[in-house]
$ cat model-v6.tsv   # TSV, N, CA and C atoms
chain	number	residue	atom	x	y	z
A	137	MET	N	0.82	-1.18	0.00
A	137	MET	CA	0.00	0.00	0.00
A	137	MET	C	0.87	1.26	0.00
A	138	GLN	N	1.88	1.28	0.92
A	138	GLN	CA	2.73	2.46	0.99
A	138	GLN	C	3.98	2.18	1.82
A	139	THR	N	4.92	3.10	1.75
A	139	THR	CA	6.13	3.09	2.56
A	139	THR	C	6.01	4.21	3.57
A	140	VAL	N	6.39	3.92	4.82
A	140	VAL	CA	6.21	4.88	5.90
A	140	VAL	C	7.52	5.06	6.66
A	141	LYS	N	7.92	6.29	6.92
A	141	LYS	CA	9.08	6.59	7.75
A	141	LYS	C	8.68	6.45	9.21
A	142	ASP	N	9.50	5.80	10.00
A	142	ASP	CA	9.23	5.63	11.42
A	142	ASP	C	9.59	6.92	12.15
A	143	LEU	N	8.61	7.64	12.63
A	143	LEU	CA	8.84	8.92	13.31
A	143	LEU	C	9.42	8.73	14.71
A	144	ARG	N	9.12	7.60	15.34
A	144	ARG	CA	9.65	7.34	16.67
A	144	ARG	C	11.14	6.97	16.63
A	145	PHE	N	11.54	6.26	15.56
A	145	PHE	CA	12.92	5.81	15.41
A	145	PHE	C	13.41	6.18	14.01
A	146	PRO	N	13.74	7.45	13.77
A	146	PRO	CA	14.06	7.91	12.42
A	146	PRO	C	15.31	7.29	11.80
A	147	LYS	N	16.20	6.69	12.61
A	147	LYS	CA	17.40	6.06	12.06
A	147	LYS	C	17.16	4.62	11.62
A	148	LYS	N	16.00	4.07	11.94
A	148	LYS	CA	15.65	2.72	11.50
A	148	LYS	C	15.18	2.75	10.04
A	149	SER	N	15.15	1.58	9.42
A	149	SER	CA	14.69	1.52	8.03
A	149	SER	C	13.19	1.83	7.95
A	150	GLU	N	12.74	2.17	6.75
A	150	GLU	CA	11.33	2.50	6.55
A	150	GLU	C	10.47	1.26	6.73
A	151	MET	N	9.21	1.48	7.02
A	151	MET	CA	8.26	0.39	7.17
A	151	MET	C	7.44	0.28	5.90
A	152	ARG	N	6.99	-0.91	5.60
A	152	ARG	CA	6.14	-1.17	4.44
A	152	ARG	C	4.76	-1.59	4.94
A	153	GLU	N	3.74	-1.00	4.34
A	153	GLU	CA	2.36	-1.34	4.70
A	153	GLU	C	1.72	-2.12	3.56
A	154	PHE	N	1.07	-3.22	3.92
A	154	PHE	CA	0.39	-4.07	2.97
A	154	PHE	C	-1.04	-4.29	3.43
A	155	GLY	N	-1.91	-4.58	2.51
A	155	GLY	CA	-3.29	-4.89	2.85
A	155	GLY	C	-3.79	-6.02	1.99
A	156	LYS	N	-4.67	-6.84	2.56
A	156	LYS	CA	-5.27	-7.95	1.82
A	156	LYS	C	-6.75	-7.94	2.11
A	157	VAL	N	-7.54	-8.00	1.05
A	157	VAL	CA	-9.00	-8.02	1.17
A	157	VAL	C	-9.45	-9.47	1.09
A	158	TYR	N	-10.14	-9.95	2.12
A	158	TYR	CA	-10.72	-11.28	2.14
A	158	TYR	C	-12.23	-11.12	2.06
A	159	GLU	N	-12.78	-11.43	0.91
A	159	GLU	CA	-14.21	-11.23	0.67
A	159	GLU	C	-15.03	-11.96	1.74
A	160	GLY	N	-15.91	-11.23	2.39
A	160	GLY	CA	-16.79	-11.80	3.40
A	160	GLY	C	-16.12	-12.02	4.75
A	161	LYS	N	-14.83	-11.78	4.85
A	161	LYS	CA	-14.11	-12.00	6.11
A	161	LYS	C	-13.58	-10.70	6.71
A	162	GLY	N	-13.22	-9.74	5.87
A	162	GLY	CA	-12.68	-8.49	6.36
A	162	GLY	C	-11.36	-8.16	5.69
A	163	ASP	N	-10.88	-6.97	5.93
A	163	ASP	CA	-9.62	-6.50	5.36
A	163	ASP	C	-8.53	-6.64	6.42
A	164	VAL	N	-7.37	-7.14	5.99
A	164	VAL	CA	-6.26	-7.37	6.92
A	164	VAL	C	-5.12	-6.42	6.56
A	165	TYR	N	-4.56	-5.80	7.58
A	165	TYR	CA	-3.51	-4.80	7.47
A	165	TYR	C	-2.23	-5.39	8.07
A	166	VAL	N	-1.10	-5.27	7.34
A	166	VAL	CA	0.19	-5.76	7.82
A	166	VAL	C	1.23	-4.66	7.62
A	167	LYS	N	2.02	-4.40	8.65
A	167	LYS	CA	3.12	-3.44	8.56
A	167	LYS	C	4.40	-4.18	8.95
A	168	ILE	N	5.43	-4.10	8.07
A	168	ILE	CA	6.70	-4.77	8.36
A	168	ILE	C	7.87	-3.81	8.22
A	169	ARG	N	8.99	-4.21	8.80
A	169	ARG	CA	10.25	-3.50	8.63
A	169	ARG	C	11.31	-4.57	8.34
A	170	VAL	N	12.15	-4.34	7.34
A	170	VAL	CA	13.24	-5.25	7.03
A	170	VAL	C	14.53	-4.58	7.48
A	171	GLU	N	15.28	-5.27	8.33
A	171	GLU	CA	16.53	-4.72	8.86
A	171	GLU	C	17.70	-5.59	8.41
A	172	LEU	N	18.77	-4.96	7.98
A	172	LEU	CA	20.03	-5.64	7.69
A	172	LEU	C	20.79	-5.69	9.01
A	173	LEU	N	20.97	-6.90	9.55
A	173	LEU	CA	21.54	-7.03	10.88
A	173	LEU	C	23.03	-7.33	10.88
A	174	SER	N	23.59	-7.66	9.72
A	174	SER	CA	25.03	-7.88	9.68
A	174	SER	C	25.55	-7.51	8.31
A	175	GLU	N	26.85	-7.34	8.22
A	175	GLU	CA	27.47	-6.99	6.95
A	175	GLU	C	27.50	-8.17	5.98
A	176	PHE	N	27.11	-9.36	6.45
A	176	PHE	CA	27.14	-10.55	5.61
A	176	PHE	C	25.80	-10.81	4.92
A	177	GLY	N	24.89	-9.86	4.99
A	177	GLY	CA	23.63	-9.97	4.27
A	177	GLY	C	22.52	-10.67	5.01
A	178	ASN	N	22.70	-10.93	6.30
A	178	ASN	CA	21.63	-11.55	7.07
A	178	ASN	C	20.55	-10.51	7.33
A	179	HIS	N	19.33	-10.82	6.95
A	179	HIS	CA	18.21	-9.90	7.08
A	179	HIS	C	17.23	-10.46	8.11
A	180	THR	N	16.51	-9.60	8.73
A	180	THR	CA	15.42	-9.99	9.61
A	180	THR	C	14.21	-9.14	9.26
A	181	VAL	N	13.04	-9.78	9.24
A	181	VAL	CA	11.79	-9.07	9.00
A	181	VAL	C	11.07	-8.96	10.34
A	182	PHE	N	10.75	-7.74	10.70
A	182	PHE	CA	9.99	-7.49	11.91
A	182	PHE	C	8.55	-7.19	11.52
A	183	VAL	N	7.60	-7.95	12.03
A	183	VAL	CA	6.19	-7.65	11.80
A	183	VAL	C	5.80	-6.65	12.87
A	184	MET	N	5.52	-5.44	12.43
A	184	MET	CA	5.23	-4.36	13.36
A	184	MET	C	3.75	-4.34	13.77
A	185	SER	N	2.89	-4.74	12.83
A	185	SER	CA	1.46	-4.69	13.09
A	185	SER	C	0.77	-5.67	12.16
A	186	PHE	N	-0.23	-6.37	12.66
A	186	PHE	CA	-0.98	-7.35	11.88
A	186	PHE	C	-2.37	-7.43	12.51
A	187	HIS	N	-3.38	-6.89	11.82
A	187	HIS	CA	-4.72	-6.87	12.41
A	187	HIS	C	-5.76	-6.60	11.33
A	188	TYR	N	-7.02	-6.80	11.70
A	188	TYR	CA	-8.09	-6.39	10.80
A	188	TYR	C	-8.09	-4.88	10.70
A	189	ALA	N	-8.36	-4.36	9.51
A	189	ALA	CA	-8.36	-2.92	9.28
A	189	ALA	C	-9.49	-2.26	10.08
A	190	GLU	N	-9.20	-1.09	10.61
A	190	GLU	CA	-10.21	-0.35	11.37
A	190	GLU	C	-11.25	0.26	10.45
A	191	ILE	N	-10.85	0.64	9.22
A	191	ILE	CA	-11.80	1.13	8.23
A	191	ILE	C	-11.63	0.27	6.98
A	192	PRO	N	-12.71	0.03	6.23
A	192	PRO	CA	-12.59	-0.79	5.01
A	192	PRO	C	-11.62	-0.18	4.00
A	193	PHE	N	-10.87	-1.03	3.32
A	193	PHE	CA	-9.96	-0.57	2.28
A	193	PHE	C	-10.73	-0.05	1.08
A	194	THR	N	-10.14	0.91	0.38
A	194	THR	CA	-10.70	1.41	-0.87
A	194	THR	C	-9.66	1.18	-1.96
A	195	GLN	N	-10.07	1.21	-3.23
A	195	GLN	CA	-9.16	0.96	-4.35
A	195	GLN	C	-7.99	1.94	-4.38
A	196	ASP	N	-8.22	3.20	-4.00
A	196	ASP	CA	-7.15	4.19	-4.05
A	196	ASP	C	-6.08	3.97	-2.98
A	197	MET	N	-6.31	3.05	-2.03
A	197	MET	CA	-5.31	2.72	-1.03
A	197	MET	C	-4.23	1.78	-1.57
A	198	PHE	N	-4.43	1.26	-2.79
A	198	PHE	CA	-3.52	0.29	-3.40
A	198	PHE	C	-2.94	0.86	-4.69
A	199	PRO	N	-2.01	1.80	-4.62
A	199	PRO	CA	-1.49	2.45	-5.83
A	199	PRO	C	-0.70	1.53	-6.75
A	200	TYR	N	-0.21	0.39	-6.25
A	200	TYR	CA	0.61	-0.50	-7.07
A	200	TYR	C	-0.14	-1.72	-7.58
A	201	LYS	N	-1.43	-1.83	-7.24
A	201	LYS	CA	-2.22	-2.98	-7.69
A	201	LYS	C	-2.49	-2.87	-9.18
A	202	LYS	N	-2.35	-3.99	-9.88
A	202	LYS	CA	-2.65	-4.03	-11.31
A	202	LYS	C	-4.15	-3.92	-11.49
A	203	ARG	N	-4.54	-3.11	-12.40
A	203	ARG	CA	-5.97	-2.91	-12.68
A	203	ARG	C	-6.37	-3.78	-13.87
A	204	LEU	N	-7.60	-4.23	-13.89
A	204	LEU	CA	-8.12	-4.99	-15.02
A	204	LEU	C	-8.41	-4.04	-16.16
A	205	THR	N	-7.80	-4.27	-17.32
A	205	THR	CA	-8.06	-3.45	-18.49
A	205	THR	C	-8.18	-4.36	-19.70
A	206	GLY	N	-9.30	-4.28	-20.37
A	206	GLY	CA	-9.49	-5.08	-21.59
A	206	GLY	C	-9.45	-6.58	-21.35
A	207	GLY	N	-9.87	-7.03	-20.15
A	207	GLY	CA	-9.91	-8.44	-19.87
A	207	GLY	C	-8.56	-9.02	-19.44
A	208	LYS	N	-7.52	-8.21	-19.42
A	208	LYS	CA	-6.20	-8.69	-19.01
A	208	LYS	C	-5.77	-7.97	-17.75
A	209	GLN	N	-4.94	-8.66	-16.98
A	209	GLN	CA	-4.43	-8.05	-15.76
A	209	GLN	C	-2.96	-7.81	-15.88
$ encode --input "model-v6.tsv" --output "structure tokens"
Amino acid sequence: MQTVKDLRFPKKSEMREFGKVYEGKGDVYVKIRVELLSEFGNHTVFVMSFHYAEIPFTQDMFPYKKRLTGGKQ
């Protein structure tokens, strides 16, 4: 959905926000941060938030989603 700068910890890497729509079940929101923990390329993913969305998602919240055009995606 978007990339967010962490205002509480500005020297940390940016966070990524994702959303998934489950028809009839609700919208799920996930926020992660990927940190490089060593010079040898070892990465760790921190799940910062994972919950049902407080407000329903709208199409404009997904700027990178492929849109259906002419029957093709």
$ residues_around --input "model-v6.tsv" --residues "A:Met184" --least-positions-apart "5" --cutoff "9 Å" --atoms "only C-alpha atoms" --output "short mmCIF file (atom, residue, chain, number, x, y, z; two decimals) with N, CA and C atoms, keeping the file's coordinate frame"
data_model
loop_
_atom_site.label_atom_id
_atom_site.label_comp_id
_atom_site.auth_asym_id
_atom_site.auth_seq_id
_atom_site.Cartn_x
_atom_site.Cartn_y
_atom_site.Cartn_z
N MET A 151 9.21 1.48 7.02
CA MET A 151 8.26 0.39 7.17
C MET A 151 7.44 0.28 5.90
N VAL A 166 -1.10 -5.27 7.34
CA VAL A 166 0.19 -5.76 7.82
C VAL A 166 1.23 -4.66 7.62
N LYS A 167 2.02 -4.40 8.65
CA LYS A 167 3.12 -3.44 8.56
C LYS A 167 4.40 -4.18 8.95
N ILE A 168 5.43 -4.10 8.07
CA ILE A 168 6.70 -4.77 8.36
C ILE A 168 7.87 -3.81 8.22
N ARG A 169 8.99 -4.21 8.80
CA ARG A 169 10.25 -3.50 8.63
C ARG A 169 11.31 -4.57 8.34
#
$ closest_residue --input "model-v6.tsv" --among "A:Lys141, A:Lys148, A:Lys156, A:His187" --to "A:Leu172" --atoms "only C-alpha atoms"
A:Lys148
$ residues_near_point --input "model-v6.tsv" --point "(-1.6, -8.2, 3.4)" --cutoff "8 Å" --atoms "all atoms listed in the file" --output "VMD selection string"
chain A and resid 153 to 157 163 to 167
$ atom_distance --input "model-v6.tsv" --atom1 "atom CA of A:Thr194" --atom2 "atom CA of A:Glu171"
29.6 Å
$ atom_distance --input "model-v6.tsv" --atom1 "atom CA of A:Gly160" --atom2 "atom C of A:Met137"
22.2 Å
$ closest_residue --input "model-v6.tsv" --among "A:Lys201, A:Glu150, A:Phe176, A:Lys161" --to "A:Ala189" --atoms "only C-alpha atoms"
A:Lys161
$ atom_distance --input "model-v6.tsv" --atom1 "atom N of A:Tyr158" --atom2 "atom N of A:Phe198"
13.5 Å
$ closest_residue --input "model-v6.tsv" --among "A:Arg152, A:Gly162, A:Leu143, A:Glu175" --to "A:Phe193" --atoms "all atoms listed in the file"
A:Gly162
$ select_by_dssp --input "model-v6.tsv" --residues "chain A" --states "strand (DSSP E or B)" --output "ChimeraX atom specification"
/A:138-140,151-158,162-172,179-188,205,208
$ decode --input "model-v6.tsv" --residues "stretch 172-188 of chain A" --atoms "all heavy atoms" --output "mmCIF file, in the first residue's frame"
data_model
loop_
_atom_site.group_PDB
_atom_site.id
_atom_site.type_symbol
_atom_site.label_atom_id
_atom_site.label_comp_id
_atom_site.auth_asym_id
_atom_site.auth_seq_id
_atom_site.Cartn_x
_atom_site.Cartn_y
_atom_site.Cartn_z
ATOM 1 N N LEU A 172 18.775 -4.960 7.981
ATOM 2 C CA LEU A 172 20.025 -5.638 7.693
ATOM 3 C C LEU A 172 20.792 -5.691 9.011
ATOM 4 O O LEU A 172 21.188 -4.653 9.543
ATOM 5 C CB LEU A 172 20.827 -4.880 6.636
ATOM 6 C CG LEU A 172 22.141 -5.486 6.218
ATOM 7 C CD1 LEU A 172 21.916 -6.851 5.575
ATOM 8 C CD2 LEU A 172 22.861 -4.574 5.254
ATOM 9 N N LEU A 173 20.971 -6.902 9.548
ATOM 10 C CA LEU A 173 21.545 -7.031 10.881
ATOM 11 C C LEU A 173 23.034 -7.334 10.884
ATOM 12 O O LEU A 173 23.662 -7.316 11.927
ATOM 13 C CB LEU A 173 20.798 -8.105 11.671
ATOM 14 C CG LEU A 173 19.323 -7.779 11.938
ATOM 15 C CD1 LEU A 173 18.670 -8.901 12.712
ATOM 16 C CD2 LEU A 173 19.191 -6.479 12.704
ATOM 17 N N SER A 174 23.585 -7.658 9.723
ATOM 18 C CA SER A 174 25.027 -7.884 9.678
ATOM 19 C C SER A 174 25.551 -7.511 8.307
ATOM 20 O O SER A 174 24.805 -7.408 7.345
ATOM 21 C CB SER A 174 25.365 -9.341 9.992
ATOM 22 O OG SER A 174 25.140 -10.163 8.873
ATOM 23 N N GLU A 175 26.848 -7.335 8.221
ATOM 24 C CA GLU A 175 27.465 -6.991 6.946
ATOM 25 C C GLU A 175 27.501 -8.172 5.985
ATOM 26 O O GLU A 175 27.844 -8.024 4.828
ATOM 27 C CB GLU A 175 28.877 -6.469 7.178
ATOM 28 C CG GLU A 175 29.800 -7.490 7.818
ATOM 29 C CD GLU A 175 31.126 -6.903 8.217
ATOM 30 O OE1 GLU A 175 31.188 -6.204 9.235
ATOM 31 O OE2 GLU A 175 32.091 -7.166 7.485
ATOM 32 N N PHE A 176 27.110 -9.356 6.449
ATOM 33 C CA PHE A 176 27.136 -10.553 5.612
ATOM 34 C C PHE A 176 25.805 -10.808 4.919
ATOM 35 O O PHE A 176 25.599 -11.851 4.335
ATOM 36 C CB PHE A 176 27.542 -11.770 6.446
ATOM 37 C CG PHE A 176 28.880 -11.590 7.096
ATOM 38 C CD1 PHE A 176 28.967 -11.418 8.464
ATOM 39 C CD2 PHE A 176 30.038 -11.556 6.331
ATOM 40 C CE1 PHE A 176 30.203 -11.228 9.068
ATOM 41 C CE2 PHE A 176 31.273 -11.367 6.924
ATOM 42 C CZ PHE A 176 31.361 -11.202 8.298
ATOM 43 N N GLY A 177 24.892 -9.865 4.993
ATOM 44 C CA GLY A 177 23.631 -9.971 4.267
ATOM 45 C C GLY A 177 22.524 -10.673 5.007
ATOM 46 O O GLY A 177 21.516 -11.026 4.421
ATOM 47 N N ASN A 178 22.702 -10.932 6.298
ATOM 48 C CA ASN A 178 21.626 -11.545 7.071
ATOM 49 C C ASN A 178 20.546 -10.505 7.328
ATOM 50 O O ASN A 178 20.822 -9.441 7.861
ATOM 51 C CB ASN A 178 22.155 -12.096 8.401
ATOM 52 C CG ASN A 178 23.137 -13.215 8.185
ATOM 53 O OD1 ASN A 178 23.019 -13.980 7.242
ATOM 54 N ND2 ASN A 178 24.123 -13.311 9.056
ATOM 55 N N HIS A 179 19.331 -10.825 6.948
ATOM 56 C CA HIS A 179 18.211 -9.898 7.085
ATOM 57 C C HIS A 179 17.229 -10.457 8.110
ATOM 58 O O HIS A 179 17.135 -11.666 8.299
ATOM 59 C CB HIS A 179 17.452 -9.735 5.776
ATOM 60 C CG HIS A 179 18.279 -9.246 4.634
ATOM 61 N ND1 HIS A 179 19.571 -9.611 4.414
ATOM 62 C CD2 HIS A 179 17.975 -8.408 3.629
ATOM 63 C CE1 HIS A 179 20.027 -9.033 3.315
ATOM 64 N NE2 HIS A 179 19.078 -8.292 2.821
ATOM 65 N N THR A 180 16.505 -9.599 8.728
ATOM 66 C CA THR A 180 15.422 -9.990 9.612
ATOM 67 C C THR A 180 14.213 -9.145 9.258
ATOM 68 O O THR A 180 14.332 -7.953 9.016
ATOM 69 C CB THR A 180 15.795 -9.756 11.093
ATOM 70 O OG1 THR A 180 16.926 -10.573 11.401
ATOM 71 C CG2 THR A 180 14.660 -10.132 12.012
ATOM 72 N N VAL A 181 13.043 -9.780 9.241
ATOM 73 C CA VAL A 181 11.792 -9.068 9.004
ATOM 74 C C VAL A 181 11.069 -8.957 10.336
ATOM 75 O O VAL A 181 10.844 -9.953 11.016
ATOM 76 C CB VAL A 181 10.904 -9.816 7.983
ATOM 77 C CG1 VAL A 181 9.549 -9.128 7.849
ATOM 78 C CG2 VAL A 181 11.602 -9.909 6.648
ATOM 79 N N PHE A 182 10.746 -7.744 10.703
ATOM 80 C CA PHE A 182 9.987 -7.495 11.915
ATOM 81 C C PHE A 182 8.550 -7.188 11.517
ATOM 82 O O PHE A 182 8.312 -6.267 10.746
ATOM 83 C CB PHE A 182 10.559 -6.301 12.689
ATOM 84 C CG PHE A 182 11.950 -6.521 13.179
ATOM 85 C CD1 PHE A 182 13.029 -6.033 12.469
ATOM 86 C CD2 PHE A 182 12.185 -7.215 14.357
ATOM 87 C CE1 PHE A 182 14.316 -6.223 12.916
ATOM 88 C CE2 PHE A 182 13.476 -7.418 14.818
ATOM 89 C CZ PHE A 182 14.547 -6.920 14.089
ATOM 90 N N VAL A 183 7.603 -7.954 12.031
ATOM 91 C CA VAL A 183 6.193 -7.654 11.799
ATOM 92 C C VAL A 183 5.796 -6.649 12.867
ATOM 93 O O VAL A 183 5.787 -6.959 14.058
ATOM 94 C CB VAL A 183 5.317 -8.917 11.868
ATOM 95 C CG1 VAL A 183 3.849 -8.566 11.711
ATOM 96 C CG2 VAL A 183 5.747 -9.919 10.805
ATOM 97 N N MET A 184 5.524 -5.443 12.427
ATOM 98 C CA MET A 184 5.228 -4.355 13.359
ATOM 99 C C MET A 184 3.753 -4.340 13.769
ATOM 100 O O MET A 184 3.417 -3.955 14.865
ATOM 101 C CB MET A 184 5.587 -3.008 12.728
ATOM 102 C CG MET A 184 6.979 -2.941 12.123
ATOM 103 S SD MET A 184 8.299 -3.311 13.264
ATOM 104 C CE MET A 184 8.279 -1.852 14.250
ATOM 105 N N SER A 185 2.893 -4.741 12.831
ATOM 106 C CA SER A 185 1.464 -4.689 13.090
ATOM 107 C C SER A 185 0.772 -5.674 12.157
ATOM 108 O O SER A 185 1.138 -5.808 10.995
ATOM 109 C CB SER A 185 0.953 -3.267 12.839
ATOM 110 O OG SER A 185 -0.419 -3.182 13.101
ATOM 111 N N PHE A 186 -0.226 -6.373 12.665
ATOM 112 C CA PHE A 186 -0.982 -7.353 11.883
ATOM 113 C C PHE A 186 -2.365 -7.430 12.513
ATOM 114 O O PHE A 186 -2.522 -7.922 13.628
ATOM 115 C CB PHE A 186 -0.273 -8.714 11.964
ATOM 116 C CG PHE A 186 -0.880 -9.780 11.124
ATOM 117 C CD1 PHE A 186 -0.430 -9.986 9.854
ATOM 118 C CD2 PHE A 186 -1.894 -10.585 11.612
ATOM 119 C CE1 PHE A 186 -0.976 -10.979 9.061
ATOM 120 C CE2 PHE A 186 -2.459 -11.584 10.847
ATOM 121 C CZ PHE A 186 -1.984 -11.779 9.565
ATOM 122 N N HIS A 187 -3.375 -6.893 11.823
ATOM 123 C CA HIS A 187 -4.716 -6.874 12.406
ATOM 124 C C HIS A 187 -5.758 -6.603 11.329
ATOM 125 O O HIS A 187 -5.435 -6.232 10.201
ATOM 126 C CB HIS A 187 -4.801 -5.811 13.504
ATOM 127 C CG HIS A 187 -4.423 -4.432 13.044
ATOM 128 N ND1 HIS A 187 -5.298 -3.586 12.405
ATOM 129 C CD2 HIS A 187 -3.254 -3.764 13.130
ATOM 130 C CE1 HIS A 187 -4.687 -2.451 12.117
ATOM 131 N NE2 HIS A 187 -3.437 -2.535 12.542
ATOM 132 N N TYR A 188 -7.020 -6.801 11.696
ATOM 133 C CA TYR A 188 -8.093 -6.395 10.803
ATOM 134 C C TYR A 188 -8.088 -4.877 10.699
ATOM 135 O O TYR A 188 -7.826 -4.185 11.686
ATOM 136 C CB TYR A 188 -9.465 -6.870 11.310
ATOM 137 C CG TYR A 188 -9.691 -8.351 11.100
ATOM 138 C CD1 TYR A 188 -9.602 -9.241 12.159
ATOM 139 C CD2 TYR A 188 -9.980 -8.839 9.833
ATOM 140 C CE1 TYR A 188 -9.807 -10.598 11.958
ATOM 141 C CE2 TYR A 188 -10.183 -10.195 9.624
ATOM 142 C CZ TYR A 188 -10.093 -11.070 10.694
ATOM 143 O OH TYR A 188 -10.283 -12.406 10.493
#
